[in-house]
$ cat input_18.cif   # mmCIF, C-alpha atoms
data_entry
#
loop_
_atom_site.label_atom_id
_atom_site.label_comp_id
_atom_site.auth_asym_id
_atom_site.auth_seq_id
_atom_site.Cartn_x
_atom_site.Cartn_y
_atom_site.Cartn_z
CA GLN A 1 -47.43 23.50 -14.43
CA ARG A 2 -50.45 23.12 -12.14
CA GLU A 3 -50.75 19.42 -12.88
CA GLY A 4 -47.04 18.60 -12.76
CA LEU A 5 -45.13 16.29 -15.05
CA PRO A 6 -46.62 12.89 -15.85
CA ALA A 7 -44.83 9.82 -14.58
CA GLY A 8 -42.45 8.46 -17.20
CA ASP A 9 -40.41 5.34 -17.83
CA PRO A 10 -36.95 6.03 -16.36
CA ARG A 11 -35.43 3.66 -18.93
CA ALA A 12 -36.49 6.01 -21.72
CA GLN A 13 -34.08 8.67 -20.44
CA TRP A 14 -31.07 6.47 -21.26
CA PRO A 15 -29.66 6.36 -24.81
CA ASP A 16 -30.27 3.02 -26.49
CA TRP A 17 -26.63 1.89 -26.52
CA LEU A 18 -26.10 2.70 -22.83
CA ARG A 19 -29.40 1.19 -21.74
CA ALA A 20 -28.46 -2.01 -23.56
CA GLN A 21 -25.01 -2.07 -21.96
CA VAL A 22 -26.38 -1.65 -18.43
CA ALA A 23 -28.96 -4.37 -19.09
CA ALA A 24 -26.25 -6.72 -20.37
CA ASP A 25 -23.99 -6.04 -17.37
CA TRP A 26 -26.79 -6.24 -14.78
CA PRO A 27 -29.55 -8.47 -16.19
CA ASP A 28 -31.31 -8.81 -12.83
CA GLN A 29 -30.73 -5.29 -11.55
CA HIS A 30 -30.99 -2.97 -14.56
CA ASP A 31 -34.57 -1.86 -13.94
CA ALA A 32 -33.64 -0.93 -10.35
CA ILE A 33 -30.57 0.96 -11.63
CA PHE A 34 -32.69 2.99 -14.05
CA ALA A 35 -35.35 3.70 -11.42
CA ALA A 36 -32.85 4.73 -8.72
CA SER A 37 -31.00 6.97 -11.18
CA ALA A 38 -34.20 8.97 -11.71
CA GLU A 39 -34.80 9.57 -7.99
CA PRO A 40 -33.39 12.59 -6.12
CA PRO A 41 -30.61 11.48 -3.76
CA PRO A 42 -30.44 12.20 -0.04
CA LEU A 43 -27.91 14.74 1.19
CA TRP A 44 -24.90 13.02 2.70
CA LEU A 45 -22.67 14.98 5.07
CA ARG A 46 -19.12 14.23 6.18
CA VAL A 47 -18.34 15.79 9.54
CA ASN A 48 -14.78 17.10 9.93
CA ALA A 49 -13.74 15.00 12.92
CA ARG A 50 -10.72 17.23 13.53
CA ARG A 51 -13.06 20.12 14.33
CA VAL A 52 -16.26 18.68 15.77
CA SER A 53 -17.79 15.33 16.70
CA ARG A 54 -20.62 13.87 14.65
CA ASP A 55 -23.01 13.99 17.62
CA GLU A 56 -22.15 17.59 18.38
CA TYR A 57 -22.70 18.59 14.76
CA ALA A 58 -26.00 16.72 14.64
CA GLY A 59 -27.03 18.84 17.63
CA ARG A 60 -26.12 22.01 15.75
CA LEU A 61 -28.28 20.85 12.87
CA ARG A 62 -31.20 20.23 15.25
CA ASP A 63 -30.80 23.71 16.67
CA ALA A 64 -31.04 25.01 13.10
CA GLY A 65 -34.23 23.02 12.52
CA ILE A 66 -32.53 20.41 10.29
CA HIS A 67 -33.03 16.71 10.98
CA ALA A 68 -30.15 14.36 10.19
CA GLU A 69 -29.61 10.67 10.86
CA PRO A 70 -26.30 9.05 11.82
CA VAL A 71 -25.28 6.12 9.64
CA GLU A 72 -24.27 2.88 11.32
CA GLY A 73 -20.67 1.92 10.69
CA MET A 74 -19.80 5.36 9.27
CA PRO A 75 -18.52 7.46 12.18
CA ASP A 76 -18.04 10.65 10.14
CA THR A 77 -21.41 10.55 8.38
CA LEU A 78 -24.85 12.12 8.67
CA ARG A 79 -27.69 11.68 6.19
CA LEU A 80 -30.48 14.13 5.39
CA ASP A 81 -33.36 12.61 3.46
CA THR A 82 -34.44 16.14 2.45
CA ALA A 83 -31.62 18.20 1.00
CA VAL A 84 -30.97 21.78 2.11
CA PRO A 85 -28.70 24.45 0.60
CA VAL A 86 -25.17 24.28 1.96
CA ALA A 87 -25.52 27.89 3.13
CA LEU A 88 -27.96 26.61 5.76
CA LEU A 89 -25.51 24.04 7.15
CA PRO A 90 -24.03 25.43 10.38
CA GLY A 91 -20.30 26.02 10.09
CA PHE A 92 -20.02 24.93 6.46
CA ALA A 93 -17.97 27.96 5.46
CA ASP A 94 -15.75 27.41 8.51
CA GLY A 95 -14.94 23.82 7.53
CA LEU A 96 -16.99 21.88 10.06
CA VAL A 97 -18.73 19.75 7.45
CA SER A 98 -18.65 18.74 3.77
CA VAL A 99 -21.19 17.37 1.35
CA GLN A 100 -20.07 13.97 0.05
CA ASP A 101 -22.10 10.91 -0.92
CA GLY A 102 -21.80 7.88 1.34
CA ALA A 103 -20.29 5.77 -1.44
CA ALA A 104 -17.49 8.30 -1.95
CA GLN A 105 -16.91 8.44 1.81
CA ARG A 106 -16.30 4.67 1.77
CA VAL A 107 -13.12 5.28 -0.25
CA ALA A 108 -11.27 6.26 2.93
CA ASP A 109 -12.34 2.97 4.53
CA ALA A 110 -11.24 0.93 1.52
CA LEU A 111 -7.80 2.56 1.22
CA ALA A 112 -7.21 2.91 4.99
CA PRO A 113 -3.61 4.20 4.86
CA ALA A 114 -1.52 3.97 8.01
CA PRO A 115 -0.82 7.23 9.90
CA GLY A 116 2.22 8.95 8.45
CA ALA A 117 2.01 7.05 5.16
CA ARG A 118 3.04 8.64 1.89
CA VAL A 119 -0.20 8.76 -0.13
CA LEU A 120 -1.05 9.75 -3.69
CA ASP A 121 -4.53 10.92 -4.71
CA ALA A 122 -4.03 10.57 -8.44
CA CYS A 123 -7.18 12.25 -9.80
CA ALA A 124 -7.81 14.51 -6.86
CA ALA A 125 -10.27 17.21 -7.99
CA PRO A 126 -12.44 18.52 -6.44
CA GLY A 127 -10.62 17.29 -3.33
CA GLY A 128 -13.27 15.63 -1.16
CA LYS A 129 -11.52 12.28 -0.86
CA ALA A 130 -8.10 13.81 -0.18
CA ALA A 131 -9.71 15.96 2.51
CA HIS A 132 -11.40 12.95 4.11
CA LEU A 133 -8.09 11.09 4.29
CA LEU A 134 -6.41 14.08 5.96
CA GLU A 135 -9.32 14.60 8.36
CA ARG A 136 -8.83 11.04 9.55
CA ALA A 137 -5.03 11.06 9.60
CA PRO A 138 -3.45 14.54 9.56
CA SER A 139 0.02 12.99 9.60
CA LEU A 140 -0.35 11.60 6.07
CA ARG A 141 2.17 12.86 3.54
CA LEU A 142 -0.36 13.39 0.78
CA VAL A 143 0.28 14.31 -2.84
CA ALA A 144 -2.81 15.52 -4.73
CA LEU A 145 -2.48 15.23 -8.50
CA ASP A 146 -4.85 16.36 -11.24
CA ILE A 147 -4.37 16.93 -14.94
CA ASP A 148 -6.44 20.17 -14.97
CA PRO A 149 -4.87 23.17 -13.19
CA ARG A 150 -8.26 24.85 -12.82
CA ARG A 151 -9.72 21.80 -11.10
CA LEU A 152 -6.62 21.53 -8.93
CA ARG A 153 -7.47 24.99 -7.61
CA GLN A 154 -10.73 23.44 -6.39
CA VAL A 155 -8.66 20.98 -4.37
CA ALA A 156 -6.73 23.85 -2.81
CA ALA A 157 -9.98 25.65 -2.00
CA THR A 158 -11.48 22.51 -0.44
CA LEU A 159 -8.45 21.90 1.76
CA GLY A 160 -8.32 25.58 2.69
CA ARG A 161 -11.98 25.70 3.78
CA LEU A 162 -11.43 22.62 5.95
CA GLN A 163 -8.19 24.07 7.38
CA LEU A 164 -6.19 21.04 6.26
CA GLU A 165 -2.49 21.57 5.68
CA GLY A 166 0.47 19.60 4.47
CA ALA A 167 -0.76 18.32 1.10
CA SER A 168 1.42 18.82 -1.96
CA LEU A 169 -0.55 19.72 -5.10
CA HIS A 170 0.63 19.04 -8.66
CA ALA A 171 -1.05 19.72 -12.01
CA ALA A 172 0.07 16.98 -14.39
CA ASP A 173 -1.02 13.90 -16.31
CA GLY A 174 -0.73 10.90 -14.01
CA CYS A 175 0.64 8.84 -16.91
CA ASP A 176 3.52 11.28 -17.49
CA LEU A 177 5.68 10.32 -14.53
CA ASP A 178 8.58 12.53 -15.62
CA ALA A 179 6.34 15.57 -15.25
CA TRP A 180 5.55 15.13 -11.55
CA TRP A 181 7.10 12.08 -9.83
CA GLU A 182 10.50 12.60 -8.24
CA GLY A 183 11.08 8.89 -7.63
CA THR A 184 10.00 8.38 -4.00
CA ALA A 185 7.52 5.50 -3.89
CA PHE A 186 4.08 5.78 -2.30
CA ASP A 187 2.72 3.56 0.46
CA ALA A 188 -0.85 3.98 -0.79
CA ILE A 189 -2.45 5.28 -3.99
CA LEU A 190 -6.03 6.32 -4.65
CA LEU A 191 -6.96 6.13 -8.32
CA ASP A 192 -10.51 7.47 -8.57
CA ALA A 193 -10.35 7.09 -12.31
CA PRO A 194 -12.06 9.11 -15.05
CA CYS A 195 -15.13 7.10 -16.03
CA SER A 196 -18.58 7.14 -17.64
CA ALA A 197 -20.12 8.39 -14.35
CA THR A 198 -23.07 6.07 -14.89
CA GLY A 199 -23.36 5.55 -11.13
CA ILE A 200 -24.18 9.22 -10.46
CA VAL A 201 -26.83 9.95 -13.10
CA ARG A 202 -29.22 10.95 -10.33
CA ARG A 203 -26.82 13.81 -9.50
CA GLN A 204 -25.74 14.63 -13.06
CA PRO A 205 -28.59 13.68 -15.43
CA ASP A 206 -26.88 15.53 -18.28
CA ILE A 207 -24.56 12.50 -18.48
CA LEU A 208 -27.33 10.79 -20.44
CA LEU A 209 -27.36 13.63 -22.96
CA HIS A 210 -23.66 14.00 -23.71
CA ARG A 211 -22.20 10.53 -23.17
CA ARG A 212 -21.40 8.71 -26.44
CA ALA A 213 -20.57 5.07 -27.11
CA SER A 214 -17.20 6.16 -28.48
CA ASP A 215 -16.37 7.75 -25.11
CA LEU A 216 -16.24 4.38 -23.40
CA GLU A 217 -13.33 3.05 -25.45
CA GLN A 218 -11.25 6.15 -24.67
CA LEU A 219 -12.15 6.07 -20.97
CA VAL A 220 -11.19 2.41 -20.66
CA ALA A 221 -7.85 3.14 -22.35
CA THR A 222 -7.19 6.07 -19.99
CA GLN A 223 -8.01 3.94 -16.94
CA SER A 224 -5.68 1.21 -18.16
CA GLY A 225 -2.86 3.67 -18.78
CA LEU A 226 -3.22 5.22 -15.34
CA LEU A 227 -3.21 1.82 -13.64
CA ASP A 228 -0.01 0.77 -15.40
CA SER A 229 1.82 4.06 -14.85
CA LEU A 230 0.84 4.64 -11.24
CA TRP A 231 1.66 1.05 -10.29
CA ARG A 232 5.29 1.90 -11.00
CA THR A 233 5.18 4.56 -8.25
CA LEU A 234 3.81 2.19 -5.57
CA ALA A 235 6.21 0.76 -3.00
CA PRO A 236 6.42 -3.03 -2.56
CA GLY A 237 3.81 -3.97 0.02
CA GLY A 238 1.78 -0.87 -0.82
CA VAL A 239 -1.89 -0.66 -1.77
CA LEU A 240 -3.59 0.92 -4.76
CA LEU A 241 -7.34 1.49 -4.55
CA TYR A 242 -8.97 1.58 -7.97
CA ALA A 243 -12.37 3.29 -7.83
CA THR A 244 -14.95 4.65 -10.25
CA CYS A 245 -18.46 6.10 -10.06
CA SER A 246 -19.49 3.79 -12.92
CA VAL A 247 -21.75 0.74 -13.07
CA LEU A 248 -20.26 -0.58 -16.32
CA VAL A 249 -18.36 -3.86 -16.01
CA GLU A 250 -15.91 -2.90 -18.76
CA GLU A 251 -14.62 -0.01 -16.63
CA ASN A 252 -14.70 -1.91 -13.37
CA ALA A 253 -14.41 -5.67 -12.83
CA ALA A 254 -13.15 -6.35 -16.38
CA GLN A 255 -10.63 -3.50 -16.17
CA VAL A 256 -9.20 -4.87 -12.93
CA ASP A 257 -9.14 -8.45 -14.25
CA ARG A 258 -7.08 -7.36 -17.25
CA PHE A 259 -4.69 -5.43 -15.00
CA LEU A 260 -4.17 -8.41 -12.70
CA ALA A 261 -3.57 -10.68 -15.69
CA ARG A 262 -0.75 -8.50 -17.04
CA THR A 263 0.78 -7.42 -13.70
CA PRO A 264 2.62 -10.28 -11.96
CA ASP A 265 3.26 -8.40 -8.71
CA ALA A 266 -0.37 -7.33 -8.19
CA ARG A 267 -2.81 -9.18 -5.93
CA ALA A 268 -6.43 -8.28 -5.22
CA GLU A 269 -7.42 -8.03 -1.57
CA PRO A 270 -11.04 -8.75 -0.63
CA LEU A 271 -13.35 -6.00 0.56
CA ASP A 272 -16.39 -6.71 2.70
CA ASP A 273 -20.05 -6.07 2.03
CA ARG A 274 -19.82 -2.45 3.25
CA PHE A 275 -18.68 -1.76 -0.32
CA GLY A 276 -21.52 -3.48 -2.15
CA ARG A 277 -21.78 -6.77 -3.98
CA VAL A 278 -18.89 -8.87 -5.23
CA SER A 279 -17.96 -7.96 -8.80
CA GLY A 280 -14.86 -9.69 -10.12
CA ALA A 281 -11.93 -8.85 -7.87
CA GLY A 282 -13.73 -5.83 -6.43
CA ARG A 283 -17.05 -4.65 -5.04
CA GLN A 284 -19.86 -2.80 -6.81
CA ARG A 285 -22.41 -0.51 -5.17
CA LEU A 286 -25.36 0.09 -7.47
CA PRO A 287 -27.22 3.43 -7.48
CA GLY A 288 -29.70 3.77 -4.64
CA GLU A 289 -28.41 0.84 -2.60
CA ALA A 290 -28.32 2.02 1.03
CA GLY A 291 -29.22 5.43 -0.42
CA MET A 292 -25.77 5.78 -2.01
CA ASP A 293 -24.44 6.50 -5.48
CA GLY A 294 -23.18 3.76 -7.78
CA PHE A 295 -19.51 3.08 -7.07
CA PHE A 296 -16.85 0.43 -7.70
CA TYR A 297 -13.86 -0.38 -5.47
CA ALA A 298 -10.90 -2.74 -5.96
CA ARG A 299 -8.02 -2.93 -3.47
CA LEU A 300 -4.75 -4.06 -5.07
CA ARG A 301 -1.60 -5.00 -3.14
CA LYS A 302 1.93 -4.89 -4.60
CA VAL A 303 3.71 -8.08 -3.58
#
$ encode --input "input_18.cif" --output "structure tokens"
Amino acid sequence: QREGLPAGDPRAQWPDWLRAQVAADWPDQHDAIFAASAEPPPLWLRVNARRVSRDEYAGRLRDAGIHAEPVEGMPDTLRLDTAVPVALLPGFADGLVSVQDGAAQRVADALAPAPGARVLDACAAPGGKAAHLLERAPSLRLVALDIDPRRLRQVAATLGRLQLEGASLHAADGCDLDAWWEGTAFDAILLDAPCSATGIVRRQPDILLHRRASDLEQLVATQSGLLDSLWRTLAPGGVLLYATCSVLVEENAAQVDRFLARTPDARAEPLDDRFGRVSGAGRQRLPGEAGMDGFFYARLRKV
């Protein structure tokens, strides 16, 4: 304990099958992925713009002895290189601020629904992305869907803390349209799909202990099923944002390529380099890039 832990090879923490898959998908970046996944992340904050400006909240942090940096091109965002307990964040309990990684905050930029749009957050728990959308555009008619009723209660708690109203919450399987969809099409859909979570190992290192190779096949099938089912609920001209916190090509670029190949009325729309590097029809942020988690985004238009 006095001497601390010896430095280790971050690659050794990954199971053989997963290490090999990451290396195959990212032959020039895999060592950086493994190294970044072993480093503690910064603390990213999302300021509730409905309640307080980013500059004003940064001042409150300074008054509390906490240093935070604004992030260029992210008007709701502050970054703390040294994390602090949320109990020390001024106004956290009153809904002035949330903890959300910068890569997850980019989802609102990638979807960018118009004010007043009818929006579906298809895998909504714990509710951070739904909350961000409503903070930016309170007039959205937002439906938050999650298969797990207990996790859906987290969404309700998140929206309640932030004093956000108007969302409709439903506990159901997104693939079972008869169980939750009444037939009115959506203008925009966020599908933050269940995935291997290989982009957030630095936050959840237990992923490397419980993830199995057999999990990937089931996850890919679930993602595919959700894409096909939810596409039916999207209005012509509408946008579906497919997102994961994975770095695996099979769940990301390859998944979207297969969907585009079998869906004649789907077109990919380009995203810019705010969302990472080009990967198939989408963009991939690798862990640690710009201090963010690993994340994939693909914006799909119904024509």
$ residues_around --input "input_18.cif" --residues "Arg285 of chain A" --least-positions-apart "3" --cutoff "6 Å" --atoms "all atoms listed in the file" --output "PyMOL selection string"
chain A and resi 276+294-295
$ atom_distance --input "input_18.cif" --atom1 "atom CA of Leu45 of chain A" --atom2 "atom CA of Asp101 of chain A"
7.3 Å
$ closest_residue --input "input_18.cif" --among "A:Pro264, A:Pro194, A:Gly288, A:Asn252" --to "Asp25 of chain A" --atoms "all atoms listed in the file"
A:Asn252
$ resolve_selection --input "input_18.cif" --expression "the PyMOL selection byres ((chain A and resi 200-204) around 9)" --output "list of chain:residue names"
A:Ala36, A:Ser37, A:Ala38, A:Glu39, A:Pro40, A:Pro41, A:Ala197, A:Thr198, A:Gly199, A:Pro205, A:Asp206, A:Ile207, A:Leu208, A:Cys245, A:Ser246, A:Pro287, A:Asp293, A:Gly294, A:Phe295
$ resolve_selection --input "input_18.cif" --expression "the PyMOL selection byres ((chain A and resi 126) around 8)" --output "list in words"
Ala124, Ala125, Gly127, Gly128, Arg151, Leu152, Gln154, Val155 and Thr158 of chain A
$ resolve_selection --input "input_18.cif" --expression "the PyMOL selection byres ((chain A and resi 169) around 9)" --output "VMD selection string"
chain A and resid 142 to 146 152 155 to 156 167 to 168 170 to 171
$ closest_residue --input "input_18.cif" --among "A:Asp76, A:Glu269, A:Asp192, A:Asp63" --to "Arg283 of chain A" --atoms "all atoms listed in the file"
A:Glu269
$ residues_around --input "input_18.cif" --residues "segment 107-110 of chain A" --least-positions-apart "3" --cutoff "10 Å" --atoms "only C-alpha atoms" --output "list in words"
Met74, Gly102, Ala103, Ala104, Pro113, Lys129, Ala130, Ala131, His132, Leu133, Leu134, Arg136, Leu190, Asp192, Leu240, Leu241, Tyr242, Ala243, Pro270, Leu271, Asp272, Arg274, Phe275, Phe295, Phe296, Tyr297, Ala298 and Arg299 of chain A
$ atom_distance --input "input_18.cif" --atom1 "atom CA of Arg141 of chain A" --atom2 "atom CA of Ala114 of chain A"
10.6 Å
$ closest_residue --input "input_18.cif" --among "A:Val22, A:Leu234, A:Leu96, A:Leu140" --to "Arg60 of chain A" --atoms "only C-alpha atoms"
A:Leu96
$ closest_residue --input "input_18.cif" --among "A:Gly8, A:Gly280, A:Pro138, A:Pro15" --to "Ala213 of chain A" --atoms "all atoms listed in the file"
A:Pro15
$ closest_residue --input "input_18.cif" --among "A:Glu289, A:Glu251, A:Asp228, A:Glu135" --to "Asp265 of chain A" --atoms "all atoms listed in the file"
A:Asp228
